[in-house]
Structure formats: structure tokens, C-alpha cells
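Quick notes on the structure that follows.
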Amino acid sequence: MASDALIRFLFQQKHVRGELAYASDSLEHMLEHHQYPLPVKQLLAELVMATSLLTATLKFEGEIAVQLQGDGPVKFAAVNGNHLQQFRGVVRMQAELQGESFNELIGHGYLIVTITPTQGERYQGIIPLTGNSLSETLEAYFHQSEQLPTRLYLFTDIGEKSRAAGLMLQVLPVDPDKAREDFQDLVTLSDTITATELLDLPPNDMLYRLYHQEQVEVFPSQAISFVCGCSKQKCETALFSLGRAVVAEQQALGGLDMSCEYCNKSYHFSVDDLQAIHDKL
């Protein structure tokens, strides 16, 4: 298995493109300070792979946020990624787990995909959660919002060493009839893939096993990494937005510790720190 990398590939004689994504060390860094239940870790790992695969479809510099919102035990799950394949993710829970399936975790709700170019207008797509898995839900998103037939395969192995892998196929927006036929042929082959093959085989070996009768052009890999981006300065900016009364209240309590929900790093603000902020308000 490749480690923490995104690999794009193209079928030279078919109107279909593909991507492979792998995460291991970066996934460990994201999960190490959280006590999520195992099924929640698996869901978040799938969401990381899906976000990396979606981010690779961007034709510009920018970010993608993929969010799940529902009425199940997992109220909110989100991963933010950018064109540099840097990601961070978080889950907010509102009840104990009653099951481990996608529907039992999320319940009824929505998938929200927000695309924010570095330059240009933000785009947001929202669809109801109708699939039985994250893969099915994202395929429905592409069908409704992009009109591009897409197939995703997401596998995780969360244990002593966490890892995840994803494969995406998507038609190219040329010659629609041929593209659809090519896509179905390749999906038939891809549906035979197993978790062991995608997680354990080197990328070129896996591609050859699935598509040995095709001419596949593989492009250089791009590193995937967990980057939180939190800082004490950003926490200070948040305190400014809360106003003088809140800052004064925290002073009276003897100080304040603020924790990042993405990486759980804590930032301490002493009484003197809070006084300095109060004086600037």
C-alpha cells in the first residue's frame, strides 16, 4: 500500500479518469487525541478518503468541505481539504451508538459539499442522505449536482495502526455515449475489488490486477497530510469576537483554556492575557 498519497490515473482508450487515495500516518495524527468509538473513527477515515478524492477533481486552488449532518448519534461529521491535499476532520456526537451502519450512525440528514476557490465564488451542494453508505451518498451527489457518473470504493482498517484507502472512477465530459459505455465496463471490473487488495497492494499492482487489459497512464503521486492550522492567535481572535463581558467573566474565573476540536491541542489564557485582550476591546 502507498502511504499518505493521492495518485491520479487515466485510461488512454476510454473516456474515464481515476484516482487512488491512501492515508496512514496522517490518519493516525488526526485520530490520536480523540476518543471516538471505533465505528465513528471508521466513518471519519472514509470521509477523509472521500474528501481527498473530491479535492483532486478541483481545477483551481481552493478548499472543499464535506459534511454529514443528521439526527442520529453522529450529529455532525466533517472533513476540510484543499488542493495541497492537506486535511482536518471532526465529529460531534449527540447520543450513544445504537448500531454501526452508516444509517444507524447518521440517521436522517444531509450531505453538504462546499467548494471555496482561492479566487472566485463559493459553491455549495446539498442532498438528502439516501444511500446506505458514504460511497453511495457521494455517488448520488455527483449524479445530481455534476451529472457525471462516478463510482467510489472506500475501505478502512482502524486498529493498532490506522489506515484507509479509496478508489474513484469518473467519466470525462466528452462523447457522453462512449463515456457511459466505457464507465460501465470499468465499473464491472472495479466491483471485484476487495478491501485487502486496495489496502495492501502497491498502487501499480492493484491497477494491473483490475485493469490489465487496459492502457492506464499513472501520474506522479501527491502527498496527503493532516494539517490542523489552529494557533493561540486564532483563539485570541475568537475571544475578541465574544466581547468585553465574556472576557471579563473569564478573568474573574482565573483564566481560560481553549481546546481545538480538530486536534485537541489546548491553549491557556492567563488573567494577564485576558486583561490585555480586554484592554484592546
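By convention in this document, the chains of the C-alpha cells carry letters A, B, ... by their order, each chain's residues are numbered from 1, and ligands are numbered from 1 in the order they are shown.
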
Shell of 10 Å around Asp191 (chain A), only C-alpha atoms, local chain residues under 6 positions omitted, as a PyMOL selection string: chain A and resi 151-153+210

Would you pick out the contacts of Phe9 (chain A) at 9 Å or less, using only C-alpha atoms, so that residues sharing its chain but fewer than 2 positions from it are not included, and give the list as a PDB file with all heavy atoms, in the first residue's frame?
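around_20.pdb, written as the output of this step:
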ATOM      1  N   ILE A   7      -3.021   9.470  -5.986  1.00  0.00           N
ATOM      2  CA  ILE A   7      -2.462   9.088  -7.287  1.00  0.00           C
ATOM      3  C   ILE A   7      -3.568   9.179  -8.335  1.00  0.00           C
ATOM      4  O   ILE A   7      -4.600   8.499  -8.229  1.00  0.00           O
ATOM      5  CB  ILE A   7      -1.887   7.657  -7.247  1.00  0.00           C
ATOM      6  CG1 ILE A   7      -0.793   7.563  -6.180  1.00  0.00           C
ATOM      7  CG2 ILE A   7      -1.356   7.261  -8.619  1.00  0.00           C
ATOM      8  CD1 ILE A   7      -0.373   6.152  -5.852  1.00  0.00           C
ATOM      9  N   PHE A  11      -7.389   6.308 -18.225  1.00  0.00           N
ATOM     10  CA  PHE A  11      -7.494   5.214 -19.198  1.00  0.00           C
ATOM     11  C   PHE A  11      -7.336   5.815 -20.593  1.00  0.00           C
ATOM     12  O   PHE A  11      -8.144   6.625 -21.037  1.00  0.00           O
ATOM     13  CB  PHE A  11      -8.843   4.508 -19.068  1.00  0.00           C
ATOM     14  CG  PHE A  11      -9.031   3.826 -17.749  1.00  0.00           C
ATOM     15  CD1 PHE A  11      -9.672   4.477 -16.698  1.00  0.00           C
ATOM     16  CD2 PHE A  11      -8.561   2.536 -17.535  1.00  0.00           C
ATOM     17  CE1 PHE A  11      -9.836   3.861 -15.467  1.00  0.00           C
ATOM     18  CE2 PHE A  11      -8.729   1.905 -16.308  1.00  0.00           C
ATOM     19  CZ  PHE A  11      -9.366   2.577 -15.270  1.00  0.00           C
ATOM     20  N   ARG A  17     -11.553   8.771 -16.047  1.00  0.00           N
ATOM     21  CA  ARG A  17     -10.392   9.095 -15.232  1.00  0.00           C
ATOM     22  C   ARG A  17     -10.536   8.398 -13.889  1.00  0.00           C
ATOM     23  O   ARG A  17     -11.618   7.964 -13.508  1.00  0.00           O
ATOM     24  CB  ARG A  17     -10.280  10.611 -15.012  1.00  0.00           C
ATOM     25  CG  ARG A  17     -11.518  11.196 -14.343  1.00  0.00           C
ATOM     26  CD  ARG A  17     -11.433  12.711 -14.208  1.00  0.00           C
ATOM     27  NE  ARG A  17     -10.402  13.096 -13.276  1.00  0.00           N
ATOM     28  CZ  ARG A  17     -10.574  13.144 -11.970  1.00  0.00           C
ATOM     29  NH1 ARG A  17     -11.748  12.827 -11.431  1.00  0.00           N
ATOM     30  NH2 ARG A  17      -9.595  13.513 -11.193  1.00  0.00           N
ATOM     31  N   GLY A  18      -9.412   8.293 -13.162  1.00  0.00           N
ATOM     32  CA  GLY A  18      -9.471   7.642 -11.866  1.00  0.00           C
ATOM     33  C   GLY A  18      -8.498   8.242 -10.873  1.00  0.00           C
ATOM     34  O   GLY A  18      -7.566   8.965 -11.250  1.00  0.00           O
ATOM     35  N   GLU A  19      -8.737   7.935  -9.604  1.00  0.00           N
ATOM     36  CA  GLU A  19      -7.857   8.389  -8.533  1.00  0.00           C
ATOM     37  C   GLU A  19      -7.771   7.309  -7.466  1.00  0.00           C
ATOM     38  O   GLU A  19      -8.738   6.589  -7.204  1.00  0.00           O
ATOM     39  CB  GLU A  19      -8.384   9.668  -7.880  1.00  0.00           C
ATOM     40  CG  GLU A  19      -8.459  10.873  -8.789  1.00  0.00           C
ATOM     41  CD  GLU A  19      -9.332  11.956  -8.191  1.00  0.00           C
ATOM     42  OE1 GLU A  19      -9.702  11.837  -7.003  1.00  0.00           O
ATOM     43  OE2 GLU A  19      -9.664  12.909  -8.909  1.00  0.00           O
ATOM     44  N   LEU A  20      -6.614   7.213  -6.854  1.00  0.00           N
ATOM     45  CA  LEU A  20      -6.399   6.382  -5.680  1.00  0.00           C
ATOM     46  C   LEU A  20      -5.947   7.287  -4.549  1.00  0.00           C
ATOM     47  O   LEU A  20      -5.171   8.219  -4.764  1.00  0.00           O
ATOM     48  CB  LEU A  20      -5.306   5.337  -5.946  1.00  0.00           C
ATOM     49  CG  LEU A  20      -5.640   4.193  -6.892  1.00  0.00           C
ATOM     50  CD1 LEU A  20      -4.354   3.481  -7.319  1.00  0.00           C
ATOM     51  CD2 LEU A  20      -6.592   3.209  -6.217  1.00  0.00           C
ATOM     52  N   VAL A 216      -3.316   2.076 -18.976  1.00  0.00           N
ATOM     53  CA  VAL A 216      -3.534   3.015 -17.878  1.00  0.00           C
ATOM     54  C   VAL A 216      -2.305   3.900 -17.708  1.00  0.00           C
ATOM     55  O   VAL A 216      -1.189   3.404 -17.524  1.00  0.00           O
ATOM     56  CB  VAL A 216      -3.824   2.265 -16.561  1.00  0.00           C
ATOM     57  CG1 VAL A 216      -4.094   3.263 -15.438  1.00  0.00           C
ATOM     58  CG2 VAL A 216      -5.007   1.310 -16.734  1.00  0.00           C
ATOM     59  N   GLU A 217      -2.513   5.203 -17.797  1.00  0.00           N
ATOM     60  CA  GLU A 217      -1.431   6.160 -17.561  1.00  0.00           C
ATOM     61  C   GLU A 217      -1.516   6.629 -16.110  1.00  0.00           C
ATOM     62  O   GLU A 217      -2.544   7.174 -15.685  1.00  0.00           O
ATOM     63  CB  GLU A 217      -1.553   7.360 -18.505  1.00  0.00           C
ATOM     64  CG  GLU A 217      -0.439   8.376 -18.326  1.00  0.00           C
ATOM     65  CD  GLU A 217      -0.572   9.564 -19.270  1.00  0.00           C
ATOM     66  OE1 GLU A 217      -1.576   9.626 -20.011  1.00  0.00           O
ATOM     67  OE2 GLU A 217       0.333  10.428 -19.260  1.00  0.00           O
ATOM     68  N   VAL A 218      -0.445   6.427 -15.359  1.00  0.00           N
ATOM     69  CA  VAL A 218      -0.407   6.786 -13.941  1.00  0.00           C
ATOM     70  C   VAL A 218       0.451   8.029 -13.764  1.00  0.00           C
ATOM     71  O   VAL A 218       1.588   8.085 -14.248  1.00  0.00           O
ATOM     72  CB  VAL A 218       0.148   5.632 -13.083  1.00  0.00           C
ATOM     73  CG1 VAL A 218       0.156   6.016 -11.606  1.00  0.00           C
ATOM     74  CG2 VAL A 218      -0.684   4.369 -13.297  1.00  0.00           C
ATOM     75  N   PHE A 219      -0.072   9.019 -13.059  1.00  0.00           N
ATOM     76  CA  PHE A 219       0.627  10.284 -12.868  1.00  0.00           C
ATOM     77  C   PHE A 219       1.364  10.295 -11.522  1.00  0.00           C
ATOM     78  O   PHE A 219       1.064   9.494 -10.637  1.00  0.00           O
ATOM     79  CB  PHE A 219      -0.367  11.442 -12.943  1.00  0.00           C
ATOM     80  CG  PHE A 219      -1.056  11.547 -14.279  1.00  0.00           C
ATOM     81  CD1 PHE A 219      -2.307  10.977 -14.467  1.00  0.00           C
ATOM     82  CD2 PHE A 219      -0.439  12.180 -15.343  1.00  0.00           C
ATOM     83  CE1 PHE A 219      -2.944  11.050 -15.695  1.00  0.00           C
ATOM     84  CE2 PHE A 219      -1.068  12.260 -16.577  1.00  0.00           C
ATOM     85  CZ  PHE A 219      -2.319  11.690 -16.762  1.00  0.00           C
TER      86      PHE A 219
END

Distance query region 38-47 of chain A at most 8 Å, only C-alpha atoms, self and fewer than 3 positions along chain excluded, as a list in words: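 In the requested form, the answer reads Leu27, Leu31, Ala50, Thr51, Val66, Val74, Ala77, Ala78, Val79, Gly89, Val90, Val91, Glu100, Ser101, Phe102, Leu105, Leu134, Leu154, Phe155, Thr156, Asp157, Ile158, Arg163, Ala164, Ala165 and Gly166 of chain A.
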
With a distance cut-off of 10 Å and only C-alpha atoms, select the neighbouring residues of region 247-251 of chain A, excluding the residue or stretch itself and same-chain residues fewer than 6 positions from it, and output the selection as a compact mmCIF listing (two decimals) with N, CA, C and O atoms, in the first residue's frame.
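Okay, out-v6.txt is ready:
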# COMPACT_ATOMS: atom_id res chain seq x y z
N LEU A 239 -11.76 35.14 20.92
CA LEU A 239 -12.11 35.83 22.16
C LEU A 239 -12.51 37.28 21.89
O LEU A 239 -13.45 37.81 22.49
N PHE A 240 -11.82 37.94 20.97
CA PHE A 240 -12.18 39.30 20.59
C PHE A 240 -13.63 39.34 20.10
O PHE A 240 -14.38 40.27 20.41
N SER A 241 -14.02 38.31 19.33
CA SER A 241 -15.37 38.32 18.77
C SER A 241 -16.45 38.12 19.84
O SER A 241 -17.61 38.46 19.63
N ASP A 257 -8.84 28.05 29.36
CA ASP A 257 -8.20 27.09 28.47
C ASP A 257 -9.12 26.85 27.28
O ASP A 257 -10.30 26.51 27.47
N PHE A 269 -5.00 30.89 28.47
CA PHE A 269 -5.01 32.34 28.58
C PHE A 269 -5.07 32.69 30.07
O PHE A 269 -6.06 32.40 30.75
N SER A 270 -3.99 33.29 30.56
CA SER A 270 -3.93 33.68 31.96
C SER A 270 -4.78 34.92 32.20
O SER A 270 -5.29 35.54 31.25
N VAL A 271 -4.90 35.31 33.45
CA VAL A 271 -5.63 36.54 33.78
C VAL A 271 -4.99 37.73 33.09
O VAL A 271 -5.68 38.62 32.55
N ASP A 272 -3.66 37.76 33.06
CA ASP A 272 -2.95 38.86 32.39
C ASP A 272 -3.20 38.85 30.89
O ASP A 272 -3.36 39.91 30.27
N ASP A 273 -3.23 37.64 30.29
CA ASP A 273 -3.54 37.53 28.85
C ASP A 273 -4.92 38.09 28.56
O ASP A 273 -5.12 38.84 27.59
N LEU A 274 -5.87 37.73 29.40
CA LEU A 274 -7.25 38.18 29.20
C LEU A 274 -7.38 39.69 29.43
O LEU A 274 -8.16 40.36 28.75
N GLN A 275 -6.60 40.20 30.38
CA GLN A 275 -6.63 41.64 30.62
C GLN A 275 -6.13 42.40 29.41
O GLN A 275 -6.68 43.44 29.01
N ILE A 277 -6.30 41.42 26.32
CA ILE A 277 -7.35 41.36 25.30
C ILE A 277 -8.46 42.34 25.65
O ILE A 277 -8.97 43.07 24.80
N HIS A 278 -8.85 42.37 26.93
CA HIS A 278 -9.91 43.27 27.39
C HIS A 278 -9.56 44.72 27.11
O HIS A 278 -10.41 45.52 26.68
N LEU A 281 -10.29 45.84 23.56
CA LEU A 281 -11.69 45.83 23.09
C LEU A 281 -12.34 47.20 23.27
O LEU A 281 -11.99 47.95 24.16

Which of region 36-139 of chain A DSSP labels strand (DSSP E or B), written as a ChimeraX atom specification: /A:62-70,74-82,86-93,109-117,123-128

Residues near Gln215 (chain A), cut-off 10 Å, only C-alpha atoms, skip fewer than 3 positions along chain, as a list in words: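 Result of the neighbour search: Leu10, Phe11, Gln12, Gln13, Lys14, Tyr208, Tyr211, His212 and Val218 of chain A.
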
Nearest to Glu32 (chain A), chosen from A:Asp200, A:Glu160, A:Asp205, A:Glu214, with only C-alpha atoms counted in the distances: A:Glu160

Selection near Gln222 (chain A), 9 Å with only C-alpha atoms, sequence-local residues under 4 positions removed, as a PyMOL selection string: chain A and resi 4-8+84-85

Write the residues you've just listed into a file as a tab-separated table (two decimals), in the first residue's frame, and include N, CA and C atoms for each of them.
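Saved file selection31.tsv follows:
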chain	number	residue	atom	x	y	z
A	4	ASP	N	-0.09	7.66	2.57
A	4	ASP	CA	-0.44	9.07	2.59
A	4	ASP	C	-0.19	9.74	1.24
A	5	ALA	N	-0.88	9.25	0.23
A	5	ALA	CA	-0.66	9.78	-1.12
A	5	ALA	C	-1.94	9.71	-1.94
A	6	LEU	N	-2.05	10.65	-2.85
A	6	LEU	CA	-3.10	10.64	-3.87
A	6	LEU	C	-2.45	10.38	-5.21
A	7	ILE	N	-3.02	9.47	-5.99
A	7	ILE	CA	-2.46	9.09	-7.29
A	7	ILE	C	-3.57	9.18	-8.34
A	8	ARG	N	-3.35	10.01	-9.33
A	8	ARG	CA	-4.31	10.14	-10.42
A	8	ARG	C	-3.91	9.20	-11.56
A	84	LEU	N	-3.78	21.21	-1.88
A	84	LEU	CA	-2.47	20.67	-1.48
A	84	LEU	C	-2.61	19.31	-0.80
A	85	GLN	N	-3.83	18.79	-0.74
A	85	GLN	CA	-4.12	17.52	-0.08
A	85	GLN	C	-3.81	17.57	1.41

Neighbour list for Lys178 (chain A) as a list in words, cut-off 12 Å, only C-alpha atoms, skip fewer than 6 positions in-chain: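 Within the cut-off, the hits are Gln13, Lys14, His15, Val16, Val171, Leu172, Gln184 and Asp185 of chain A.
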
Got time to write the residues from that selection, C-alpha atoms, as a compact mmCIF listing (two decimals), in the first residue's frame?
# COMPACT_ATOMS: atom_id res chain seq x y z
CA GLN A 13 -8.56 4.37 -24.68
CA LYS A 14 -11.60 5.12 -22.55
CA HIS A 15 -13.30 8.36 -21.52
CA VAL A 16 -12.79 7.71 -17.82
CA VAL A 171 -16.44 9.82 -16.68
CA LEU A 172 -14.75 12.54 -18.70
CA GLN A 184 -19.89 0.64 -17.11
CA ASP A 185 -17.18 -1.66 -18.45
